[in-house]
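Working notes, structure below.
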Amino acid sequence: MSVYLAGATEITTWLLQNAFAGVFLSAFAVVYESSGKSVDASLLGNIMEHLSHRGSDGCDHLVCDRIAMGHWHFWTTPEEVGERQPLRLNELPFILVFDGRLDNREELLAVLSVSCAEDTVSDAALVVWAYEYWGSRCVERFVGEFAFVLFDERDGSLFCARDPLGDRTLFYFCCGSQVLIASEPWPLVSAYPVQPEFDEQVVAHYFALRARPLGSTIFKNVSELPPAHTLLFTGSSIPQRCCYWKPDFARTIRYKSDNEYADHFREVLEESIRCRMRATTPVGVMMSGGLDSTAIASLAARMIAPAHLLTFSYIFDELEECDERIYIHNVRDKWNTLSFEFACDDAWPFRDFENLPVNPNYPSDDAFKVLIERLYAEANRQGVRVLLSGMFADHMFQGGVDWLADLLTEGRFTDSMLQLFLHKDVGLQTIVEKNFLQRVARRFINLFPGGQYLHRQRNWPDWLSDTSVRYLSDYVKQNPRISGSHDSMLGYGVAQDSSDEIYYASRHAIDVRYPFRDQRLVELVLALPTYQLYFQATNKYILRNSMKGILPESIRCRKGKTHYMSLLLRGAEHERENVYQYLFRAGLDWKNFLHEDWLKQQLTQSRDINLILAW
């Protein structure tokens, strides 16, 4: 077997010249020849070139007879500092490229009995040891965010895996006997000197504000490995894709008191935060004045006291209805945090939009990228590589819509009536709009065979063209979705939102971690009665209970939520004409998917929320 390490081929010359071209999360690229022929190593150079924005800590590659693997390094955990990938361990017949983090290290180390000091074993090395011990079923033992590719020299197979919730990504492109794999889809398209071809069904999903179909990308012929899946390539068969984890919807947890529920929830949330604070630099928190991010900040500050936790927050001097500094300061005063605050009255949507970062892998649907970019830049200036975020907590608690259905299912009719009575001030119309009664009806319908597949007639948004509606309708007919309140937490769209943000955060050398996107916490919430998520006319009931004595009461009991509508309208005022001229210039293909007249009307006349949808 011939082996070429860094320094031996023309690939290396380019890589060394560009190893510090950008700062980004780690990434990998793989070229695999399933037929047994020698691999075309030049393809690896092409893919790595288009991943050069990922990896402020250098890069390495390895080329063998039928496999070429490259890795851009961005070290955020102490154990991986100085590690070179692709990784080979001792005499083990495996070569690995890995992106991510394992959160159950202690458990894995204990079972595997690795004969090294714990703080010298990287997460990538743990994957190799686990594969040697358990084989492909090792992924069932991992907790964390990860994507990896492992080449098994014993039989020439290639084993790929992605974490259960899909927070790290793996894309692949098959061309005859050749397989190309990368952390992003765009480099795979760019590896060949041909014009990219877009998947129009995926584009229609984007304009309909829907998650793209499972396993698809915006590029034809490039596929994404779905969350909780493995993929096996061999020389003698088609790729074998396998789902290795599904949530246990039948599991239930029932305690005698709210305090018992709250204690369990806080224990798991704290462990989720603790795992995500394993970093090479001080960890910061993206903190608004809302319940979710302040809960994370308060628990994190309590863990590291008397050291000071760094928090990063938007404030507004002019748009007072957007300003949350009173709550930010409540946390600062209680936990002695080091608070970095920056005024954002001028960070309206689409400010200098032609110079905003453009993700070549998938278009953004976040109008407030200007705000977030400013926060990432400030964190980078303060030497932070890891930021914790309260994002996706809302998704976790949306299952609370089933609270009434759960109470009635358990035969607690008196409690059901009492809880409905607490809503007397909001009115019957609001109760209907919140879908509490509809969820009771849905629970009843689901008792009948096939009831879970029954849905109302779908009305597509007014702005979609007939072409878009046709693509979407055809997809829905072929892929009926089981109705359920857990889709917001486990749906493919949430994974896309999480993983797509990697592009923007990593431009500033920031690894954003989401404690509410922890597999253990998700499994716990799925097992809870949903009236722990919404109860006594209160959202996030269990979170509020778990934060007694930890979160300032002004936040813990806060009912309302701050919105940025004023900032949005300021952006409309300043950028309307620029956006109009930009969108309606010649040669754009979006008119195939949207009604041009509808969009013009929104941009010239509307001042309501539809404006953001149009943009």
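Convention: chains lettered A, B, ... in structure tokens order; per-chain residue numbering from 1; ligands numbered from 1 as shown.
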Contacts of A:Tyr541 within 12 Å, only C-alpha atoms, excl. fewer than 3 positions in-chain, as a ChimeraX atom specification | /A:258-259,261-262,265,291,397-400,403,525,528-538,544-548,556-559
Could you name the residues that touch stretch 297-314 of chain A at 7 Å or less, counting only C-alpha atoms, but leaving out those on the same chain fewer than 3 positions away, as a list in words?
->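 Counting only C-alpha atoms, the residues come to Glu270, Ile273, Val283, Gly284, Val285, Met286, Met287, Ser288, Ser293, Thr294, Val331, Trp335, Asn336, Thr337, Leu338, Ser339, Phe340, Glu341, Phe342, Ala343, Cys344, Leu375, Ile550 and Leu551 of chain A.
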Which value, in Å to one decimal, gives the distance between atom CA of A:Glu321 and atom CA of A:Lys561?
->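 Rounded to one decimal, the two atoms are 10.5 Å apart.
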What's the 8 Å shell around A:Pro185, counting only C-alpha atoms, without same-chain residues fewer than 6 positions away, as a list of chain:residue names?
->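 Counting only C-alpha atoms, the residues come to A:Phe171, A:Tyr172, A:Thr217, A:Phe219, A:Val222, A:Ser223, A:Glu224, A:Asn361.
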Write out, as a short mmCIF file (atom, residue, chain, number, x, y, z; two decimals), in the first residue's frame, the residues just selected, with N, CA and C atoms.
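Contents of the output file again_18.cif:
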data_model
loop_
_atom_site.label_atom_id
_atom_site.label_comp_id
_atom_site.auth_asym_id
_atom_site.auth_seq_id
_atom_site.Cartn_x
_atom_site.Cartn_y
_atom_site.Cartn_z
N PHE A 171 -22.25 15.34 3.72
CA PHE A 171 -22.85 15.33 2.39
C PHE A 171 -22.05 14.40 1.48
N TYR A 172 -22.72 13.80 0.49
CA TYR A 172 -22.01 12.88 -0.39
C TYR A 172 -22.56 12.95 -1.80
N THR A 217 -30.40 18.24 -0.88
CA THR A 217 -29.72 19.53 -0.80
C THR A 217 -30.25 20.39 -1.94
N PHE A 219 -28.64 21.25 -4.37
CA PHE A 219 -27.98 20.80 -5.58
C PHE A 219 -28.43 19.39 -5.96
N VAL A 222 -26.39 15.77 -5.11
CA VAL A 222 -25.67 15.82 -3.84
C VAL A 222 -26.68 15.53 -2.73
N SER A 223 -26.38 14.54 -1.91
CA SER A 223 -27.30 14.12 -0.85
C SER A 223 -26.71 14.44 0.52
N GLU A 224 -27.60 14.58 1.50
CA GLU A 224 -27.19 14.78 2.88
C GLU A 224 -27.55 13.54 3.69
N ASN A 361 -24.08 27.10 0.36
CA ASN A 361 -24.68 25.79 0.53
C ASN A 361 -26.21 25.84 0.59
#
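From atom CA of A:Ser473 back to atom CA of A:Leu214, the distance works out to 15.9 Å.
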For A:Gln382, the nearest of the candidates A:Val268, A:Cys59, A:Val358, A:Ile510, counting only C-alpha atoms |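 The shortest atom-to-atom distance to A:Gln382 comes from A:Ile510.
In this comparison, which uses only C-alpha atoms, the residue of A:Asp65, A:Asp352, A:Asp152, A:Glu184 approaching A:Ser52 most closely is A:Glu184.
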Return the single residue from A:Val189, A:Ala204, A:Ala379, A:Cys322 that is closest to A:Asp589, with distances computed using only C-alpha atoms.
->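 Ranked by minimum distance to A:Asp589, first place goes to A:Ala204.
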